[in-house]
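Visitor: Sharing input.cif, mmCIF, C-alpha atoms:
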data_upload
#
loop_
_atom_site.label_atom_id
_atom_site.label_comp_id
_atom_site.auth_asym_id
_atom_site.auth_seq_id
_atom_site.Cartn_x
_atom_site.Cartn_y
_atom_site.Cartn_z
CA MET A 50 -70.57 -36.89 0.84
CA ALA A 51 -71.54 -40.46 1.77
CA LEU A 52 -69.52 -40.08 4.97
CA VAL A 53 -71.37 -36.87 5.81
CA GLN A 54 -74.73 -38.50 5.22
CA LYS A 55 -73.90 -41.24 7.72
CA TYR A 56 -71.69 -39.49 10.30
CA GLY A 57 -72.62 -35.82 9.99
CA LYS A 58 -70.50 -32.76 9.20
CA PRO A 59 -66.73 -32.63 9.89
CA ASP A 60 -65.70 -31.24 13.27
CA LEU A 61 -62.07 -30.27 12.67
CA PHE A 62 -60.01 -29.24 9.66
CA LEU A 63 -56.22 -29.48 10.13
CA THR A 64 -53.32 -28.56 7.87
CA MET A 65 -49.80 -29.77 8.72
CA THR A 66 -46.86 -28.37 6.71
CA CYS A 67 -43.29 -29.69 6.63
CA ASN A 68 -40.63 -27.64 8.45
CA VAL A 69 -37.31 -27.83 6.61
CA ASN A 70 -35.54 -26.62 9.77
CA TRP A 71 -36.37 -29.78 11.72
CA PRO A 72 -33.13 -31.09 13.30
CA GLU A 73 -33.83 -34.55 11.85
CA ILE A 74 -33.29 -33.01 8.41
CA HIS A 75 -30.40 -30.66 9.16
CA ASN A 76 -28.40 -33.22 11.14
CA LYS A 77 -28.24 -35.51 8.09
CA LEU A 78 -27.17 -32.89 5.54
CA LEU A 79 -23.63 -33.01 4.21
CA PRO A 80 -21.45 -29.87 4.41
CA GLY A 81 -22.71 -27.28 1.95
CA GLN A 82 -26.05 -29.01 1.39
CA ALA A 83 -29.47 -27.39 1.81
CA PRO A 84 -32.76 -29.24 2.44
CA SER A 85 -33.69 -28.65 -1.21
CA ASP A 86 -30.70 -30.83 -2.17
CA ARG A 87 -32.06 -33.79 -0.17
CA LEU A 88 -35.73 -34.05 -1.05
CA ASP A 89 -35.63 -37.75 -0.22
CA LEU A 90 -34.69 -36.84 3.35
CA VAL A 91 -37.41 -34.16 3.54
CA ALA A 92 -40.05 -36.65 2.37
CA ARG A 93 -38.96 -39.38 4.80
CA VAL A 94 -38.86 -37.06 7.81
CA PHE A 95 -42.24 -35.51 7.02
CA MET A 96 -43.76 -38.96 6.53
CA SER A 97 -42.36 -40.06 9.90
CA LYS A 98 -43.68 -36.96 11.64
CA PHE A 99 -47.06 -37.31 9.97
CA GLU A 100 -47.37 -40.94 11.07
CA GLU A 101 -46.72 -39.89 14.67
CA PHE A 102 -49.16 -37.01 14.24
CA LYS A 103 -51.87 -39.43 13.05
CA ASP A 104 -51.17 -41.72 16.01
CA ASP A 105 -51.64 -38.81 18.43
CA ILE A 106 -54.93 -37.77 16.82
CA LEU A 107 -56.49 -41.06 15.75
CA ASN A 108 -55.24 -43.61 18.28
CA LYS A 109 -54.39 -41.53 21.35
CA HIS A 110 -57.47 -39.32 20.85
CA GLY A 111 -55.77 -35.95 21.15
CA PHE A 112 -59.05 -34.19 20.31
CA GLY A 113 -61.33 -37.00 21.43
CA LYS A 114 -62.40 -40.23 19.75
CA VAL A 115 -62.30 -39.95 15.94
CA THR A 116 -64.97 -41.96 14.11
CA THR A 117 -64.20 -40.77 10.57
CA TYR A 118 -61.25 -39.10 8.87
CA VAL A 119 -60.02 -38.09 5.43
CA TYR A 120 -56.57 -36.81 4.55
CA VAL A 121 -54.61 -35.95 1.41
CA ILE A 122 -50.94 -35.11 0.89
CA GLU A 123 -50.10 -32.14 -1.34
CA ASN A 124 -46.96 -30.32 -2.42
CA GLN A 125 -46.71 -26.59 -2.64
CA LYS A 126 -45.03 -25.13 -5.71
CA ARG A 127 -42.06 -24.24 -3.54
CA GLY A 128 -41.80 -27.92 -2.69
CA LEU A 129 -42.93 -28.38 0.90
CA PRO A 130 -45.22 -31.38 1.46
CA HIS A 131 -48.29 -30.75 3.60
CA ALA A 132 -51.35 -32.69 4.69
CA HIS A 133 -55.00 -31.64 4.84
CA ILE A 134 -57.05 -33.64 7.36
CA LEU A 135 -60.78 -33.65 8.07
CA LEU A 136 -62.00 -35.26 11.31
CA ILE A 137 -65.44 -36.29 12.49
CA LEU A 138 -65.50 -36.86 16.26
CA ASP A 139 -67.61 -39.18 18.34
CA GLU A 140 -70.87 -37.65 19.54
CA ASN A 141 -69.60 -37.52 23.14
CA ASP A 142 -66.45 -35.61 22.14
CA LYS A 143 -67.87 -33.06 19.71
CA LEU A 144 -66.97 -29.39 20.19
CA LYS A 145 -70.33 -27.63 20.44
CA THR A 146 -69.82 -24.29 22.20
CA PRO A 147 -67.35 -21.38 21.98
CA ASP A 148 -65.91 -22.52 25.33
CA ASP A 149 -65.19 -25.91 23.75
CA TYR A 150 -63.47 -24.17 20.85
CA ASP A 151 -61.28 -22.13 23.20
CA SER A 152 -60.22 -25.31 25.02
CA VAL A 153 -58.42 -26.65 21.93
CA ILE A 154 -57.72 -23.65 19.67
CA ARG A 155 -55.96 -20.33 20.19
CA ALA A 156 -55.66 -17.38 17.83
CA LYS A 157 -53.31 -15.17 19.81
CA THR A 158 -49.63 -14.70 20.45
CA PRO A 159 -48.62 -16.29 23.79
CA ASP A 160 -47.01 -14.27 26.54
CA ILE A 161 -43.27 -14.23 25.91
CA GLU A 162 -42.45 -14.28 29.63
CA THR A 163 -44.76 -17.08 30.79
CA GLU A 164 -44.69 -19.21 27.60
CA PRO A 165 -41.43 -18.38 25.78
CA GLU A 166 -41.16 -21.68 23.90
CA LEU A 167 -44.74 -21.49 22.64
CA TYR A 168 -44.26 -17.81 21.76
CA ASN A 169 -41.27 -18.64 19.55
CA ALA A 170 -43.15 -21.48 17.85
CA VAL A 171 -46.16 -19.28 17.08
CA VAL A 172 -44.03 -16.39 15.80
CA ASN A 173 -41.99 -18.73 13.58
CA HIS A 174 -44.82 -20.83 12.16
CA MET A 175 -48.27 -19.33 12.75
CA ILE A 176 -48.05 -15.67 11.69
CA HIS A 177 -49.67 -14.84 8.34
CA GLY A 178 -48.14 -12.28 6.03
CA PRO A 179 -47.74 -9.43 6.51
CA CYS A 180 -49.92 -8.68 3.51
CA GLY A 181 -52.40 -5.99 2.44
CA SER A 182 -51.13 -2.46 2.71
CA CYS A 183 -47.98 -3.77 4.41
CA ASN A 184 -47.03 -5.97 1.46
CA ALA A 185 -49.11 -5.71 -1.71
CA ASN A 186 -46.91 -8.32 -3.46
CA CYS A 187 -47.65 -11.09 -0.94
CA PRO A 188 -48.72 -14.35 -2.73
CA CYS A 189 -52.03 -14.34 -0.85
CA MET A 190 -53.09 -11.03 -2.40
CA LYS A 191 -55.69 -11.04 -5.18
CA ASN A 192 -57.21 -7.84 -6.56
CA GLY A 193 -55.77 -5.92 -3.63
CA VAL A 194 -57.39 -8.17 -1.01
CA CYS A 195 -55.96 -11.06 1.03
CA LYS A 196 -57.51 -14.38 -0.10
CA LYS A 197 -57.27 -15.63 3.51
CA LYS A 198 -59.05 -12.50 4.79
CA PHE A 199 -56.15 -11.30 6.94
CA PRO A 200 -55.76 -9.26 9.06
CA LYS A 201 -58.67 -10.67 11.05
CA LYS A 202 -60.87 -8.47 13.21
CA PHE A 203 -60.25 -8.29 16.94
CA ALA A 204 -62.81 -10.07 19.13
CA ASN A 205 -63.03 -10.25 22.92
CA VAL A 206 -64.84 -13.60 22.87
CA THR A 207 -65.18 -16.54 20.48
CA THR A 208 -68.47 -16.69 18.57
CA MET A 209 -70.02 -19.19 16.16
CA GLY A 210 -69.60 -17.01 13.07
CA ASP A 211 -71.76 -16.77 9.96
CA ASP A 212 -69.61 -18.78 7.52
CA SER A 213 -67.67 -22.03 7.75
CA TYR A 214 -65.35 -21.05 10.63
CA PRO A 215 -66.02 -19.44 14.02
CA VAL A 216 -64.81 -15.96 14.91
CA TYR A 217 -61.99 -16.77 17.31
CA ARG A 218 -61.10 -14.70 20.33
CA ARG A 219 -58.44 -12.16 19.29
CA ARG A 220 -58.10 -9.48 21.89
CA PRO A 221 -56.50 -6.18 20.83
CA PRO A 222 -52.98 -5.61 22.16
CA ARG A 223 -52.43 -3.55 25.25
CA PRO A 224 -50.12 -0.54 24.95
CA SER A 225 -46.82 -0.98 26.72
CA ASP A 226 -45.56 1.34 29.46
CA ASN A 227 -44.02 3.65 26.89
CA GLY A 228 -47.23 3.77 24.83
CA GLU A 229 -46.01 1.49 22.02
CA ARG A 230 -47.90 -1.51 20.72
CA THR A 231 -46.43 -4.97 20.25
CA ALA A 232 -44.91 -5.71 16.85
CA ILE A 233 -47.16 -8.72 16.20
CA ASP A 234 -50.91 -8.32 16.73
CA ASN A 235 -53.34 -11.15 17.30
CA ASN A 236 -55.16 -10.36 14.06
CA TRP A 237 -52.27 -11.93 12.08
CA VAL A 238 -52.21 -15.22 14.02
CA VAL A 239 -53.36 -18.40 12.25
CA PRO A 240 -55.49 -20.57 14.62
CA TYR A 241 -53.43 -23.32 16.28
CA ASN A 242 -53.39 -25.91 19.04
CA PRO A 243 -50.63 -25.24 21.62
CA TRP A 244 -49.90 -28.91 22.29
CA LEU A 245 -49.46 -29.82 18.61
CA ILE A 246 -47.32 -26.85 17.64
CA LEU A 247 -45.03 -27.34 20.64
CA LYS A 248 -44.57 -31.05 19.92
CA TYR A 249 -44.05 -30.88 16.15
CA ASN A 250 -42.51 -27.40 15.75
CA CYS A 251 -44.12 -26.70 12.39
CA HIS A 252 -47.14 -24.97 10.86
CA ILE A 253 -50.28 -26.80 12.02
CA ASN A 254 -53.49 -24.90 11.37
CA VAL A 255 -56.48 -26.16 13.37
CA GLU A 256 -59.96 -24.95 12.45
CA ILE A 257 -63.43 -25.69 13.81
CA CYS A 258 -66.03 -26.63 11.19
CA SER A 259 -68.96 -24.87 12.79
CA ASN A 260 -71.43 -24.75 9.92
CA ILE A 261 -72.96 -27.47 7.77
CA ILE A 262 -72.59 -25.15 4.76
CA SER A 263 -68.82 -25.70 4.84
CA VAL A 264 -69.01 -29.47 4.30
CA LYS A 265 -69.00 -29.55 0.50
CA TYR A 266 -66.34 -26.84 0.27
CA LEU A 267 -64.00 -28.67 2.66
CA TYR A 268 -64.34 -32.05 0.99
CA LYS A 269 -63.73 -30.44 -2.41
CA TYR A 270 -60.74 -28.59 -0.91
CA VAL A 271 -58.93 -31.68 0.34
CA TYR A 272 -59.43 -33.40 -3.02
CA LYS A 273 -58.87 -30.39 -5.27
CA GLY A 274 -55.70 -31.87 -6.79
CA PRO A 275 -52.94 -29.96 -8.60
CA ASP A 276 -53.31 -26.65 -10.42
CA ARG A 277 -54.67 -26.91 -13.93
CA VAL A 278 -54.51 -24.79 -17.09
CA SER A 279 -56.66 -24.66 -20.21
CA LEU A 280 -55.17 -26.14 -23.38
CA GLU A 281 -56.21 -25.89 -27.00
CA VAL A 282 -55.65 -29.10 -28.95
CA ARG A 283 -55.04 -28.76 -32.69
CA PRO A 284 -54.67 -31.68 -35.11
CA ALA A 285 -51.19 -32.20 -36.47
CA SER A 286 -49.41 -34.81 -38.54
CA ASN A 287 -46.92 -35.56 -35.76
CA TYR A 288 -49.42 -35.52 -32.87
CA ASP A 289 -47.96 -37.34 -29.85
CA GLU A 290 -50.59 -37.89 -27.17
CA ILE A 291 -48.12 -39.26 -24.60
CA GLN A 292 -45.70 -36.36 -25.00
CA GLN A 293 -48.57 -33.86 -24.75
CA PHE A 294 -49.64 -35.43 -21.46
CA ILE A 295 -46.10 -35.22 -20.08
CA ASP A 296 -45.70 -31.60 -21.20
CA ALA A 297 -49.03 -30.58 -19.64
CA ARG A 298 -48.51 -32.33 -16.31
CA TRP A 299 -47.17 -30.49 -13.27
CA VAL A 300 -45.12 -32.80 -11.02
CA CYS A 301 -42.65 -31.04 -8.73
CA ALA A 302 -39.57 -32.89 -7.49
CA PRO A 303 -40.80 -33.45 -3.89
CA LYS A 304 -44.04 -35.00 -5.19
CA ALA A 305 -42.03 -37.23 -7.52
CA VAL A 306 -39.91 -38.42 -4.59
CA TRP A 307 -43.05 -39.06 -2.54
CA LYS A 308 -44.45 -41.25 -5.32
CA ILE A 309 -41.13 -43.07 -5.82
CA PHE A 310 -41.18 -44.05 -2.14
CA LYS A 311 -44.81 -45.18 -2.62
CA PHE A 312 -45.97 -43.15 0.37
CA PRO A 313 -49.77 -42.85 0.52
CA MET A 314 -51.26 -39.75 -1.08
CA THR A 315 -54.70 -40.06 0.48
CA ARG A 316 -56.70 -42.10 2.97
CA MET A 317 -60.37 -42.26 3.88
CA TYR A 318 -61.78 -44.11 6.87
CA PRO A 319 -64.14 -45.82 6.77
CA SER A 320 -63.68 -46.46 3.07
CA VAL A 321 -66.52 -45.65 0.70
CA GLU A 322 -67.26 -47.84 -2.30
CA CYS A 323 -69.32 -46.51 -5.20
CA LEU A 324 -72.00 -49.03 -6.14
#
What would you get if you wrote out this structure as structure tokens?
Guide:
Amino acid sequence: MALVQKYGKPDLFLTMTCNVNWPEIHNKLLPGQAPSDRLDLVARVFMSKFEEFKDDILNKHGFGKVTTYVYVIENQKRGLPHAHILLILDENDKLKTPDDYDSVIRAKTPDIETEPELYNAVVNHMIHGPCGSCNANCPCMKNGVCKKKFPKKFANVTTMGDDSYPVYRRRPPRPSDNGERTAIDNNWVVPYNPWLILKYNCHINVEICSNIISVKYLYKYVYKGPDRVSLEVRPASNYDEIQQFIDARWVCAPKAVWKIFKFPMTRMYPSVECL
């Protein structure tokens, strides 16, 4: 919150998730091995990719000059490391209008004939679900509703939106010559940047932070930490506080490997010191 007071609200919220099908991982596997057998390799490759990703964004100014950033590394329960990044851009590079948003973010499936490589990347990494009536057992479903609010509504133009994110342009599909619709509609596409997804070939969600209301939510989100449960502590003659801590702690194998390698879990720039 001290960063926001000095530099203003975040401009971009990015999430980068490891792709276990990267050739750098598969080329080093022994016969019969799966990526889950070499979590050390998965961690090293993701760390290498993430360092290059940071260089593109922070030093080469892929979205403009970055004055402030915060990132944390998390591990999903299924084991894939991913990074949440918040960026505050220089005043001269801020994205202020829907046209600016459209210049860096898409929320549609590319044309398979004119952009086949981008089409394959989006279909493989940036399609949510299906959930809802198509798949009621999808992990994103809660009380019969998608927590991520998919499928999104179609929109002919990008607008500011009423909550933390804009309403991105998602044009309805055109019927084909035989009257059929395409299998994948734009309302299932997670917002992305074409340059990043083509270069890194993994899930990279890029969102505009259009509203000051979203600031506290986003900063809490990137620092939310692991899942927690409620415990009832009862006195006992053989009470072992250390063992209770170990039993109650959730550390998956990929996170353990990440900590063994002493890779950074979080970074804030400029740093903030509590006085």
Visitor: So the first atom is atom CA of A:Thr116 and the second is atom CA of A:Lys145; what is the distance between them in Å, to one decimal place?
Guide: 16.6 Å
Visitor: In terms of the shortest atom-to-atom distance over all atoms listed in the file, which of A:His131, A:Arg155, A:Lys304, A:Lys103 is closest to A:Pro243?
Guide: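 When distances to A:Pro243 are compared using all atoms listed in the file, the smallest one comes from A:Arg155.
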Visitor: On this file, the PyMOL selection byres ((chain A and resi 91) around 9) gives some set of residues; write that set as a ChimeraX atom specification.
Guide: /A:67-69,74,84-85,87-90,92-96,129-130,303
Visitor: Deliver the residues from the most recent selection as a file, using C-alpha atoms, as a PDB file, in the coordinates of the input.
Guide:
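The result, written out as result-v9.pdb:
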ATOM      1  CA  CYS A  67     -43.290 -29.690   6.630  1.00  0.00           C
ATOM      2  CA  ASN A  68     -40.630 -27.640   8.450  1.00  0.00           C
ATOM      3  CA  VAL A  69     -37.310 -27.830   6.610  1.00  0.00           C
ATOM      4  CA  ILE A  74     -33.290 -33.010   8.410  1.00  0.00           C
ATOM      5  CA  PRO A  84     -32.760 -29.240   2.440  1.00  0.00           C
ATOM      6  CA  SER A  85     -33.690 -28.650  -1.210  1.00  0.00           C
ATOM      7  CA  ARG A  87     -32.060 -33.790  -0.170  1.00  0.00           C
ATOM      8  CA  LEU A  88     -35.730 -34.050  -1.050  1.00  0.00           C
ATOM      9  CA  ASP A  89     -35.630 -37.750  -0.220  1.00  0.00           C
ATOM     10  CA  LEU A  90     -34.690 -36.840   3.350  1.00  0.00           C
ATOM     11  CA  ALA A  92     -40.050 -36.650   2.370  1.00  0.00           C
ATOM     12  CA  ARG A  93     -38.960 -39.380   4.800  1.00  0.00           C
ATOM     13  CA  VAL A  94     -38.860 -37.060   7.810  1.00  0.00           C
ATOM     14  CA  PHE A  95     -42.240 -35.510   7.020  1.00  0.00           C
ATOM     15  CA  MET A  96     -43.760 -38.960   6.530  1.00  0.00           C
ATOM     16  CA  LEU A 129     -42.930 -28.380   0.900  1.00  0.00           C
ATOM     17  CA  PRO A 130     -45.220 -31.380   1.460  1.00  0.00           C
ATOM     18  CA  PRO A 303     -40.800 -33.450  -3.890  1.00  0.00           C
TER      19      PRO A 303
END
Visitor: What's the separation between atom CA of A:Glu256 and atom CA of A:Asn192, in Å to one decimal place?
Guide: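 Pair atom CA of A:Glu256 / atom CA of A:Asn192 returns 25.7 Å.
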Visitor: For atom CA of A:Lys198 and atom CA of A:Met175, quote the distance in Å rounded to one decimal.
Guide: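 Answer for the atom CA of A:Lys198 to atom CA of A:Met175 separation: 15.0 Å.
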Visitor: Determine the nearest neighbour of A:Thr117 from the options A:Val172, A:Cys323, A:Leu79, A:Met317, counting only C-alpha atoms.
Guide: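 Among the listed residues, A:Met317 lies closest to A:Thr117.
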Visitor: Under the rule that only C-alpha atoms are counted, which of A:Leu247, A:Tyr318, A:Met209, A:Ala132 is the nearest residue to A:Leu107?
Guide: A:Tyr318
Visitor: Please identify all polymer residues lying at most 10 Å from the point (-53.6, -29.9, 16.0) (file coordinates), using only C-alpha atoms, and present the result as a list in words.
Guide: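 All residues meeting the 10 Å criterion around (-53.6, -29.9, 16.0) are Leu61, Phe62, Leu63, Thr64, Met65, Phe102, Asp105, Ile106, Gly111, Phe112, Val153, Ile154, Pro240, Tyr241, Asn242, Pro243, Trp244, Leu245, Ile246, Lys248, Tyr249, His252, Ile253, Asn254, Val255 and Glu256 of chain A.
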Visitor: With the PyMOL selection byres ((chain A and resi 139-142) around 7) as the selection, what would be picked from this file? Answer as a list in words, please.
Guide: Gly113, Lys114, Val115, Thr116, Ile137, Leu138, Lys143 and Leu144 of chain A
Visitor: Would you translate the PyMOL selection byres ((chain A and resi 321) around 12) into the concrete set of residues it matches in this file, as a list of chain:residue names?
Guide: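 Applying the PyMOL selection byres ((chain A and resi 321) around 12) to the structure shown produces A:Met50, A:Ala51, A:Leu52, A:Val53, A:Gln54, A:Lys55, A:Thr117, A:Tyr118, A:Val119, A:Arg316, A:Met317, A:Tyr318, A:Pro319, A:Ser320, A:Glu322, A:Cys323, A:Leu324.
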Visitor: Those selected residues, please, written with C-alpha atoms and delivered as a PDB file, in the frame of the given file.
Guide:
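The file below, result_35.pdb, is the result:
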ATOM      1  CA  MET A  50     -70.570 -36.890   0.840  1.00  0.00           C
ATOM      2  CA  ALA A  51     -71.540 -40.460   1.770  1.00  0.00           C
ATOM      3  CA  LEU A  52     -69.520 -40.080   4.970  1.00  0.00           C
ATOM      4  CA  VAL A  53     -71.370 -36.870   5.810  1.00  0.00           C
ATOM      5  CA  GLN A  54     -74.730 -38.500   5.220  1.00  0.00           C
ATOM      6  CA  LYS A  55     -73.900 -41.240   7.720  1.00  0.00           C
ATOM      7  CA  THR A 117     -64.200 -40.770  10.570  1.00  0.00           C
ATOM      8  CA  TYR A 118     -61.250 -39.100   8.870  1.00  0.00           C
ATOM      9  CA  VAL A 119     -60.020 -38.090   5.430  1.00  0.00           C
ATOM     10  CA  ARG A 316     -56.700 -42.100   2.970  1.00  0.00           C
ATOM     11  CA  MET A 317     -60.370 -42.260   3.880  1.00  0.00           C
ATOM     12  CA  TYR A 318     -61.780 -44.110   6.870  1.00  0.00           C
ATOM     13  CA  PRO A 319     -64.140 -45.820   6.770  1.00  0.00           C
ATOM     14  CA  SER A 320     -63.680 -46.460   3.070  1.00  0.00           C
ATOM     15  CA  GLU A 322     -67.260 -47.840  -2.300  1.00  0.00           C
ATOM     16  CA  CYS A 323     -69.320 -46.510  -5.200  1.00  0.00           C
ATOM     17  CA  LEU A 324     -72.000 -49.030  -6.140  1.00  0.00           C
TER      18      LEU A 324
END
Visitor: Given the choices A:Asp60, A:Asp289, A:Glu123, A:Glu73, which gets closest to A:Cys301 if the distance is worked out from only C-alpha atoms?
Guide: A:Glu123
Visitor: May I have the residues within 8 Å of A:Val216 as number ranges by chain, using only C-alpha atoms and disregarding those fewer than 5 positions away in the same chain?
Guide: A: 204, 207-210
Visitor: Using only C-alpha atoms, please write the residues we just selected to a file, as a PDB file, keeping the file's coordinate frame.
Guide:
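Contents of the output file part-v6.pdb:
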ATOM      1  CA  ALA A 204     -62.810 -10.070  19.130  1.00  0.00           C
ATOM      2  CA  THR A 207     -65.180 -16.540  20.480  1.00  0.00           C
ATOM      3  CA  THR A 208     -68.470 -16.690  18.570  1.00  0.00           C
ATOM      4  CA  MET A 209     -70.020 -19.190  16.160  1.00  0.00           C
ATOM      5  CA  GLY A 210     -69.600 -17.010  13.070  1.00  0.00           C
TER       6      GLY A 210
END
Visitor: Output stretch 101-109 of chain A as a short mmCIF file (atom, residue, chain, number, x, y, z; two decimals), keeping the file's coordinate frame, making sure all heavy atoms are there.
Guide:
data_model
loop_
_atom_site.label_atom_id
_atom_site.label_comp_id
_atom_site.auth_asym_id
_atom_site.auth_seq_id
_atom_site.Cartn_x
_atom_site.Cartn_y
_atom_site.Cartn_z
N GLU A 101 -46.60 -40.13 13.23
CA GLU A 101 -46.72 -39.89 14.67
C GLU A 101 -47.88 -38.95 14.96
O GLU A 101 -48.62 -39.13 15.95
CB GLU A 101 -45.41 -39.31 15.21
CG GLU A 101 -45.41 -39.14 16.73
CD GLU A 101 -44.09 -38.63 17.26
OE1 GLU A 101 -43.15 -38.44 16.47
OE2 GLU A 101 -44.00 -38.41 18.49
N PHE A 102 -48.05 -37.95 14.10
CA PHE A 102 -49.16 -37.01 14.24
C PHE A 102 -50.50 -37.76 14.16
O PHE A 102 -51.41 -37.54 14.98
CB PHE A 102 -49.06 -35.96 13.13
CG PHE A 102 -50.19 -34.97 13.08
CD1 PHE A 102 -50.17 -33.84 13.86
CD2 PHE A 102 -51.26 -35.18 12.22
CE1 PHE A 102 -51.21 -32.91 13.80
CE2 PHE A 102 -52.30 -34.27 12.16
CZ PHE A 102 -52.27 -33.13 12.95
N LYS A 103 -50.64 -38.65 13.18
CA LYS A 103 -51.87 -39.43 13.05
C LYS A 103 -52.09 -40.31 14.28
O LYS A 103 -53.23 -40.46 14.73
CB LYS A 103 -51.81 -40.29 11.79
CG LYS A 103 -51.94 -39.53 10.50
CD LYS A 103 -52.22 -40.48 9.33
CE LYS A 103 -51.11 -41.46 9.14
NZ LYS A 103 -51.38 -42.39 8.02
N ASP A 104 -51.02 -40.87 14.81
CA ASP A 104 -51.17 -41.72 16.01
C ASP A 104 -51.69 -40.90 17.19
O ASP A 104 -52.55 -41.36 17.94
CB ASP A 104 -49.81 -42.36 16.36
CG ASP A 104 -49.91 -43.32 17.52
OD1 ASP A 104 -50.68 -44.30 17.44
OD2 ASP A 104 -49.23 -43.09 18.54
N ASP A 105 -51.19 -39.67 17.34
CA ASP A 105 -51.64 -38.81 18.43
C ASP A 105 -53.12 -38.45 18.29
O ASP A 105 -53.86 -38.40 19.27
CB ASP A 105 -50.82 -37.51 18.47
CG ASP A 105 -49.43 -37.72 19.04
OD1 ASP A 105 -49.24 -38.71 19.77
OD2 ASP A 105 -48.55 -36.90 18.77
N ILE A 106 -53.55 -38.22 17.05
CA ILE A 106 -54.93 -37.77 16.82
C ILE A 106 -55.91 -38.93 16.76
O ILE A 106 -56.97 -38.90 17.38
CB ILE A 106 -55.01 -36.95 15.51
CG1 ILE A 106 -54.08 -35.72 15.58
CG2 ILE A 106 -56.45 -36.52 15.24
CD1 ILE A 106 -54.40 -34.77 16.70
N LEU A 107 -55.54 -39.99 16.03
CA LEU A 107 -56.49 -41.06 15.75
C LEU A 107 -56.50 -42.16 16.80
O LEU A 107 -57.56 -42.71 17.12
CB LEU A 107 -56.20 -41.67 14.37
CG LEU A 107 -56.16 -40.70 13.20
CD1 LEU A 107 -55.81 -41.43 11.91
CD2 LEU A 107 -57.49 -39.97 13.06
N ASN A 108 -55.32 -42.50 17.33
CA ASN A 108 -55.24 -43.61 18.28
C ASN A 108 -55.18 -43.16 19.74
O ASN A 108 -55.75 -43.81 20.62
CB ASN A 108 -54.01 -44.48 17.96
CG ASN A 108 -54.07 -45.06 16.56
OD1 ASN A 108 -55.15 -45.38 16.06
ND2 ASN A 108 -52.91 -45.19 15.92
N LYS A 109 -54.49 -42.04 19.98
CA LYS A 109 -54.39 -41.53 21.35
C LYS A 109 -55.46 -40.48 21.67
O LYS A 109 -55.48 -39.94 22.76
CB LYS A 109 -52.99 -40.94 21.58
CG LYS A 109 -51.88 -41.99 21.47
CD LYS A 109 -50.50 -41.40 21.68
CE LYS A 109 -49.43 -42.45 21.55
NZ LYS A 109 -48.06 -41.87 21.70
#
